[in-house]
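The structure appears below as C-alpha cells.
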Amino acid sequence: MLAPALARQLDGAIDEALLVDLCQRLIQTPTVNPYSGDARPSGEGAGQVLIAAEFARLGAAVEQIPCDDTAMVKQGVLAPLGRTNENRPNVIATFDFGDGPTLLLDAHMDTVAVDTYEGEPFTGELRDGFLHGRGASDDKSSVTAMFGAVQALLRSGLPLRGRLVCCSVVDEECNGAGRGSATCLHHLPRPDAVVVADGDAAHISNGCSGILTAHVTVLGKAGHAASGGSVNAIEQALKLFPAFDRFRRLRGNVPGDFNLGVFQSGTHPANVPNQALLGMNIKTRPEDAAQALQTYGKANGRCARELFEQCVAEAAQGDAFFREHPPQIEWIKDLPATGCGEESRWLLETANQAYAEVIGRELPVQPLGGWGDLSHFQLQGIPTIGVGAGWPGAAHSASERVAVADLIACTRVLARLAAEFLLAP
C-alpha cells in the first residue's frame with residue numbers, strides 16, 4: 001500500500017481540468033465502429049490520432065498497428081474475421097523506466113451507433129456534474145482516466161521501474177470481439193499484469209460473461225401479396241419465437257441472457273418476402289465453459305449453442321415448410337466467460353485499497369454484466385482485472401453520460417495501481 005505522502009503526491013499531480021477537457025474532446029470526436037449499423041459510421045481513426053498525440057506529448061514511444069486476425073486464431077475463439085482495418089489503428093504507448101515488471105493498461109476507443117441517439121451525440125456537454133455524449137461512459141472516460149493516471153505518475157516524480165504500456169484499441173464493440181486487444185496482446189511481450197479500463201464505477205471486474213452471437217436465416221417463397229401459393233418468411237420466422245422462449249426457460253429465464261436484436265425481411269407491402277434474417281446475442285456463464293471443457297475439451301459456449309440448435313430444430317419439425325426448408329443457424333462469435341483466480345488477488349486487493357482511500361469505501365468485486373476485453377488476457381492466464389469510470393446503466397444508452405467525479409476517482413485509482421506495481425524499492 002502506498003504511503004500516505006506518496007498517495008498525496010500522486011493526487012496532487014492530477015490535473016482535473018485537463019481530464020475534463022480531454023474527455024470532452026474525445027466525446028466530440030466521432031469514433032463509431034464501422035460495423036455499428038449506422039448509415040455513415042465514422043470509424044475510430046480520428047480518436048486514435050488524438051490520443052496518440054497526447055501520449056507522444058508525454059514522451060511515450062508510440063506505435064500504431066492494425067488489427068490482426070491471426071491473433072483471434074491464436075486465442076482459439078470463434079469471432080468474425082476479415083473486418084476492415086482502414087483508418088482503424090490500435091495505439092500502443094510505452095513508457096520504459098528500466099529493469100522491472102511490465103504493467104499493461106487497456107481501454108477501447110470505438111463506440112456503438114449514434115443514429116438513434118437522443119439529441120446531439122458528440123457535444124461532450126458538461127451539465128450538472130456529468131459529461132454527455134456517445135462514448136462518455138463506454139469507454140472514453142476510461143481512456144481519459146488511463147491517460148490521466150500516466151500523466152500523474154510522470155508529474156509526481158515517484159521513482160519508477162519496469163515498463164508501463166497503454167493500449168487504446170479498436171473493435172471491442174459491434175461484434176469486433178476484442179480484435180484490438182487480442183492483437184496488442186500477441187504483438188507485445190507478455191505483460192506481468194493487466195488492468196482493463198472499462199466498465200462502470202460501481203464495481204471492480206474480476207471476469208466477464210461469455211457471449212454467443214447467432215444469425216438465423218428463415219426461407220419463404222416469394223410472390224405477389226394478392227396471389228396464393230407464396231410462403232411469407234416473416235410469418236415463418238415468427239413460428240420460431242416459441243423455440244426462443246423455450247431456450248430462455250431452459251437457461252433459467254434470466255433477463256438479459258437472450259436478446260433478439262435483429263429482424264430483417266421484406267422490401268414492400270405488396271411483396272411476399274422470401275427470406276428473413278434474425279440476429280441474437282446469448283450470454284454464457286462460467287458453468288457453460290466448464291461443461292464444454294468437460295464434454296469437448298475446450299472451454300467455450302458449445303453446449304449452449306447445441307441447446308439453442310436443438311430448440312430451433314424441434315420447433316421446425318412441427319411445420320411442413322420448415323421440414324423441407326429448415327432454418328439455417330450461423331454462429332458469428334463464441335467468446336467464453338472468464339474469471340480470475342489467485343494470480344489476480346494482489347490486483348483486486350490493491351484496487352479496493354485504492355478505492356477505500358479515494359471514495360471512502362471498497363467496491364463489490366464481480367464479473368462484467370457482458371463480455372469485455374479483459375477476457376482475452378485472462379484466457380492467457382495473465383493477472384487481469386477491470387476498473388472503469390462509466391456511469392451504471394449508461395453504456396450504449398440513447399442518452400449516455402459519465403459523472404466527472406467518477407472520471408477523477410478512476411484516474412486516482414489507476415494511478416495508485418500503477419504506482420504500487422512500478423514503484424522502485
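We name chains A, B, ... following the order of the C-alpha cells; residues begin at 1 in each chain, and ligands are numbered from 1 as shown.
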
Report task. Give the alpha helix (DSSP H) residues of stretch 114-347 of chain A, as DSSP finds them on the backbone, and put them as a PyMOL selection string. Result -> chain A and resi 141-156+179-187+233-238+241-250+286-296+302-316+320-324+345-347

Restricted to C-alpha atoms, what would the selected residues look like written as a PDB file, in the first residue's frame?
ATOM      1  CA  SER A 141     -13.965   8.342 -19.726  1.00  0.00           C
ATOM      2  CA  SER A 142     -11.820   5.269 -19.026  1.00  0.00           C
ATOM      3  CA  VAL A 143      -9.475   6.091 -21.934  1.00  0.00           C
ATOM      4  CA  THR A 144      -9.116   9.518 -20.335  1.00  0.00           C
ATOM      5  CA  ALA A 145      -8.529   8.028 -16.884  1.00  0.00           C
ATOM      6  CA  MET A 146      -5.817   5.765 -18.315  1.00  0.00           C
ATOM      7  CA  PHE A 147      -4.056   8.779 -19.813  1.00  0.00           C
ATOM      8  CA  GLY A 148      -4.549  10.865 -16.690  1.00  0.00           C
ATOM      9  CA  ALA A 149      -3.075   8.169 -14.467  1.00  0.00           C
ATOM     10  CA  VAL A 150       0.078   8.027 -16.584  1.00  0.00           C
ATOM     11  CA  GLN A 151       0.383  11.787 -16.638  1.00  0.00           C
ATOM     12  CA  ALA A 152       0.069  11.887 -12.844  1.00  0.00           C
ATOM     13  CA  LEU A 153       2.739   9.221 -12.436  1.00  0.00           C
ATOM     14  CA  LEU A 154       5.158  11.178 -14.596  1.00  0.00           C
ATOM     15  CA  ARG A 155       4.403  14.507 -12.921  1.00  0.00           C
ATOM     16  CA  SER A 156       4.639  13.067  -9.404  1.00  0.00           C
ATOM     17  CA  ARG A 179      -9.710  -7.829 -32.022  1.00  0.00           C
ATOM     18  CA  GLY A 180      -7.706  -4.783 -30.968  1.00  0.00           C
ATOM     19  CA  SER A 181      -6.850  -6.092 -27.512  1.00  0.00           C
ATOM     20  CA  ALA A 182      -6.078  -9.570 -28.842  1.00  0.00           C
ATOM     21  CA  THR A 183      -3.803  -8.015 -31.465  1.00  0.00           C
ATOM     22  CA  CYS A 184      -1.892  -5.985 -28.874  1.00  0.00           C
ATOM     23  CA  LEU A 185      -1.641  -8.999 -26.574  1.00  0.00           C
ATOM     24  CA  HIS A 186       0.019 -11.144 -29.223  1.00  0.00           C
ATOM     25  CA  HIS A 187       2.100  -8.292 -30.650  1.00  0.00           C
ATOM     26  CA  ALA A 233     -40.698 -15.605 -44.487  1.00  0.00           C
ATOM     27  CA  ILE A 234     -41.701 -13.172 -41.732  1.00  0.00           C
ATOM     28  CA  GLU A 235     -44.587 -15.396 -40.682  1.00  0.00           C
ATOM     29  CA  GLN A 236     -42.284 -18.413 -40.810  1.00  0.00           C
ATOM     30  CA  ALA A 237     -39.766 -16.608 -38.609  1.00  0.00           C
ATOM     31  CA  LEU A 238     -42.465 -15.844 -36.029  1.00  0.00           C
ATOM     32  CA  PHE A 241     -40.405 -17.474 -31.236  1.00  0.00           C
ATOM     33  CA  PRO A 242     -41.705 -20.344 -29.051  1.00  0.00           C
ATOM     34  CA  ALA A 243     -38.315 -22.025 -29.591  1.00  0.00           C
ATOM     35  CA  PHE A 244     -36.578 -18.898 -28.331  1.00  0.00           C
ATOM     36  CA  ASP A 245     -38.878 -18.806 -25.296  1.00  0.00           C
ATOM     37  CA  ARG A 246     -38.163 -22.462 -24.579  1.00  0.00           C
ATOM     38  CA  PHE A 247     -34.429 -21.829 -24.813  1.00  0.00           C
ATOM     39  CA  ARG A 248     -34.797 -18.934 -22.362  1.00  0.00           C
ATOM     40  CA  ARG A 249     -36.695 -21.115 -19.895  1.00  0.00           C
ATOM     41  CA  LEU A 250     -34.197 -23.956 -20.117  1.00  0.00           C
ATOM     42  CA  PRO A 286     -18.502 -19.942 -16.370  1.00  0.00           C
ATOM     43  CA  GLU A 287     -20.506 -23.142 -15.874  1.00  0.00           C
ATOM     44  CA  ASP A 288     -21.145 -23.274 -19.635  1.00  0.00           C
ATOM     45  CA  ALA A 289     -17.415 -23.074 -20.294  1.00  0.00           C
ATOM     46  CA  ALA A 290     -16.782 -25.743 -17.658  1.00  0.00           C
ATOM     47  CA  GLN A 291     -19.400 -28.050 -19.199  1.00  0.00           C
ATOM     48  CA  ALA A 292     -17.914 -27.636 -22.667  1.00  0.00           C
ATOM     49  CA  LEU A 293     -14.416 -28.249 -21.304  1.00  0.00           C
ATOM     50  CA  GLN A 294     -15.560 -31.470 -19.675  1.00  0.00           C
ATOM     51  CA  THR A 295     -17.563 -32.636 -22.706  1.00  0.00           C
ATOM     52  CA  TYR A 296     -15.428 -31.450 -25.607  1.00  0.00           C
ATOM     53  CA  ARG A 302     -20.584 -25.064 -27.403  1.00  0.00           C
ATOM     54  CA  CYS A 303     -23.102 -26.760 -25.110  1.00  0.00           C
ATOM     55  CA  ALA A 304     -25.301 -23.643 -25.043  1.00  0.00           C
ATOM     56  CA  ARG A 305     -25.069 -23.480 -28.842  1.00  0.00           C
ATOM     57  CA  GLU A 306     -26.207 -27.081 -29.117  1.00  0.00           C
ATOM     58  CA  LEU A 307     -29.186 -26.432 -26.843  1.00  0.00           C
ATOM     59  CA  PHE A 308     -30.247 -23.476 -28.997  1.00  0.00           C
ATOM     60  CA  GLU A 309     -29.910 -25.549 -32.167  1.00  0.00           C
ATOM     61  CA  GLN A 310     -31.991 -28.306 -30.577  1.00  0.00           C
ATOM     62  CA  CYS A 311     -34.792 -25.895 -29.615  1.00  0.00           C
ATOM     63  CA  VAL A 312     -34.941 -24.444 -33.127  1.00  0.00           C
ATOM     64  CA  ALA A 313     -34.827 -27.874 -34.795  1.00  0.00           C
ATOM     65  CA  GLU A 314     -37.651 -29.230 -32.636  1.00  0.00           C
ATOM     66  CA  ALA A 315     -39.839 -26.212 -33.431  1.00  0.00           C
ATOM     67  CA  ALA A 316     -39.144 -26.603 -37.146  1.00  0.00           C
ATOM     68  CA  ALA A 320     -44.225 -28.844 -43.180  1.00  0.00           C
ATOM     69  CA  PHE A 321     -42.435 -25.992 -44.973  1.00  0.00           C
ATOM     70  CA  PHE A 322     -39.705 -25.920 -42.323  1.00  0.00           C
ATOM     71  CA  ARG A 323     -39.150 -29.650 -42.774  1.00  0.00           C
ATOM     72  CA  GLU A 324     -38.280 -29.006 -46.422  1.00  0.00           C
ATOM     73  CA  ARG A 345      -5.678 -11.437  -5.864  1.00  0.00           C
ATOM     74  CA  TRP A 346      -2.991  -8.785  -5.378  1.00  0.00           C
ATOM     75  CA  LEU A 347      -4.505  -6.605  -8.096  1.00  0.00           C
TER      76      LEU A 347
END

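The environment of A:Ala403 within 7 Å, counting only C-alpha atoms and disregarding residues fewer than 6 places along the same chain, consists of Gly129, Phe130, Leu131 and Trp391 of chain A.
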
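Shortest atom-to-atom contact with A:Ser137 among A:Gln24, A:Gln275, A:Asn206, A:Asn175: A:Gln24, counting only C-alpha atoms.
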
Requested in this report: Name the closest residue to A:Leu374 among the candidates A:Ala398, A:Cys23, A:Ala60, A:Leu335; distances are taken between atoms, counting only C-alpha atoms.
Outcome: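 Among the listed residues, A:Leu335 lies closest to A:Leu374.
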
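Assigned to strand (DSSP E or B) in stretch 154-209 of chain A, given DSSP computed from backbone atoms, are Leu160, Arg163, Leu164, Val165, Cys166, Cys167, Ser168, Val169, Ala193, Val194, Val195, Val196, Asp200, Ile204, Ser205, Asn206, Gly207 and Cys208 of chain A.
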
Could you list, as a PDB file with C-alpha atoms, in the first residue's frame, every residue within 7 Å of A:Gln264, counting only C-alpha atoms and ignoring same-chain residues fewer than 6 positions away?
ATOM      1  CA  ALA A 276     -35.858 -13.261 -43.057  1.00  0.00           C
ATOM      2  CA  LEU A 277     -32.710 -12.762 -41.007  1.00  0.00           C
ATOM      3  CA  LEU A 278     -32.754 -12.841 -37.220  1.00  0.00           C
TER       4      LEU A 278
END

**Report entry** Non-local contacts of A:Leu126 (9 Å; only C-alpha atoms; under 6 positions in same chain excluded) as a count of residues only
**Finding:** 4

Quick one: residues within 12 Å of A:Ala214, only C-alpha atoms counted, chain neighbours fewer than 4 positions away excluded, as a PDB file with C-alpha atoms, in the first residue's frame?
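Once everything was written out, this is around.pdb:
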ATOM      1  CA  LEU A  78     -14.843 -18.003 -32.729  1.00  0.00           C
ATOM      2  CA  ALA A  79     -15.028 -14.419 -33.995  1.00  0.00           C
ATOM      3  CA  PRO A  80     -15.702 -12.521 -37.228  1.00  0.00           C
ATOM      4  CA  ASN A 175     -19.088  -7.963 -32.969  1.00  0.00           C
ATOM      5  CA  PHE A 258     -31.043 -13.677 -24.613  1.00  0.00           C
ATOM      6  CA  ASN A 259     -31.555 -10.668 -26.848  1.00  0.00           C
ATOM      7  CA  LEU A 260     -33.153 -10.765 -30.290  1.00  0.00           C
ATOM      8  CA  GLY A 261     -31.558  -7.647 -31.720  1.00  0.00           C
ATOM      9  CA  VAL A 262     -32.044  -8.018 -35.488  1.00  0.00           C
ATOM     10  CA  LEU A 277     -32.710 -12.762 -41.007  1.00  0.00           C
ATOM     11  CA  LEU A 278     -32.754 -12.841 -37.220  1.00  0.00           C
ATOM     12  CA  GLY A 279     -29.742 -11.943 -35.114  1.00  0.00           C
ATOM     13  CA  MET A 280     -29.390 -12.588 -31.397  1.00  0.00           C
ATOM     14  CA  ASN A 281     -26.915 -12.411 -28.550  1.00  0.00           C
ATOM     15  CA  ILE A 282     -26.839 -15.138 -25.919  1.00  0.00           C
ATOM     16  CA  LYS A 283     -24.992 -14.671 -22.653  1.00  0.00           C
ATOM     17  CA  GLY A 301     -20.188 -21.926 -25.303  1.00  0.00           C
ATOM     18  CA  ALA A 304     -25.301 -23.643 -25.043  1.00  0.00           C
ATOM     19  CA  ARG A 305     -25.069 -23.480 -28.842  1.00  0.00           C
ATOM     20  CA  GLU A 306     -26.207 -27.081 -29.117  1.00  0.00           C
ATOM     21  CA  PHE A 308     -30.247 -23.476 -28.997  1.00  0.00           C
ATOM     22  CA  GLU A 309     -29.910 -25.549 -32.167  1.00  0.00           C
ATOM     23  CA  GLN A 328     -30.131 -22.096 -41.054  1.00  0.00           C
ATOM     24  CA  ILE A 329     -28.107 -21.124 -37.970  1.00  0.00           C
ATOM     25  CA  GLU A 330     -24.718 -19.417 -38.374  1.00  0.00           C
ATOM     26  CA  TRP A 331     -22.634 -18.830 -35.266  1.00  0.00           C
ATOM     27  CA  ILE A 332     -20.879 -15.479 -35.605  1.00  0.00           C
ATOM     28  CA  LYS A 333     -18.907 -15.499 -32.375  1.00  0.00           C
ATOM     29  CA  ASP A 334     -18.339 -17.539 -29.250  1.00  0.00           C
TER      30      ASP A 334
END

Requested in this report: Find the residues near A:Trp371: any atom within 7 Å, counting only C-alpha atoms, skip ones fewer than 5 places away on the same chain, and give them as a count of residues only.
Outcome: 4

Long-range neighbours of A:Lys221 as a CSV table (one decimal) with N, CA and C atoms, in the first residue's frame, 9 Å cut-off, only C-alpha atoms, 4 positions minimum in chain:
chain,number,residue,atom,x,y,z
A,229,GLY,N,-50.2,-19.3,-53.1
A,229,GLY,CA,-49.0,-20.1,-53.4
A,229,GLY,C,-47.7,-19.6,-52.8
A,230,SER,N,-47.7,-18.5,-52.1
A,230,SER,CA,-46.5,-18.0,-51.5
A,230,SER,C,-46.4,-18.4,-50.1
A,231,VAL,N,-45.1,-18.3,-49.5
A,231,VAL,CA,-44.9,-18.5,-48.1
A,231,VAL,C,-44.1,-17.3,-47.6
A,232,ASN,N,-44.7,-16.7,-46.6
A,232,ASN,CA,-44.2,-15.5,-46.0
A,232,ASN,C,-43.1,-15.8,-45.0
A,233,ALA,N,-41.9,-15.3,-45.3
A,233,ALA,CA,-40.7,-15.6,-44.5
A,233,ALA,C,-40.8,-15.0,-43.1
A,272,VAL,N,-44.5,-10.7,-51.0
A,272,VAL,CA,-44.3,-11.7,-50.0
A,272,VAL,C,-42.8,-12.0,-49.9
A,273,PRO,N,-42.2,-11.7,-48.7
A,273,PRO,CA,-40.8,-11.8,-48.5
A,273,PRO,C,-40.4,-13.3,-48.6
A,274,ASN,N,-39.2,-13.6,-49.2
A,274,ASN,CA,-38.8,-14.9,-49.4
A,274,ASN,C,-37.6,-15.3,-48.4
A,275,GLN,N,-37.2,-14.3,-47.6
A,275,GLN,CA,-36.2,-14.6,-46.6
A,275,GLN,C,-36.3,-13.6,-45.4

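The smallest atom-to-atom distance between A:Gly135 and any of A:Gly76, A:Gly37, A:Pro367, A:Gly47, using only C-alpha atoms, is found for A:Gly47.
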
Query - Nearest-residue call for A:Val365, choices A:Ile204, A:Gln380, A:Pro336, A:Arg416, using only C-alpha atoms - result: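 Closest candidate: A:Ile204.
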
Requested in this report: Work out how far apart atom CA of A:Ile408 and atom CA of A:Gly390 are and give it in Å to one decimal.
Outcome: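 Between atom CA of A:Ile408 and atom CA of A:Gly390 the gap is 11.3 Å.
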
Query raised in the report: Nearest to A:Ser265: which of A:Pro4, A:His203, A:Leu164, A:Thr217 is it, counting only C-alpha atoms?
Result: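 Closest candidate: A:Thr217.
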
Query - Pick from A:Leu212, A:Cys410, A:Ala270, A:Val112 nearest to A:Asp198, counting only C-alpha atoms - result: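 Under the stated criterion, the closest residue is A:Cys410.
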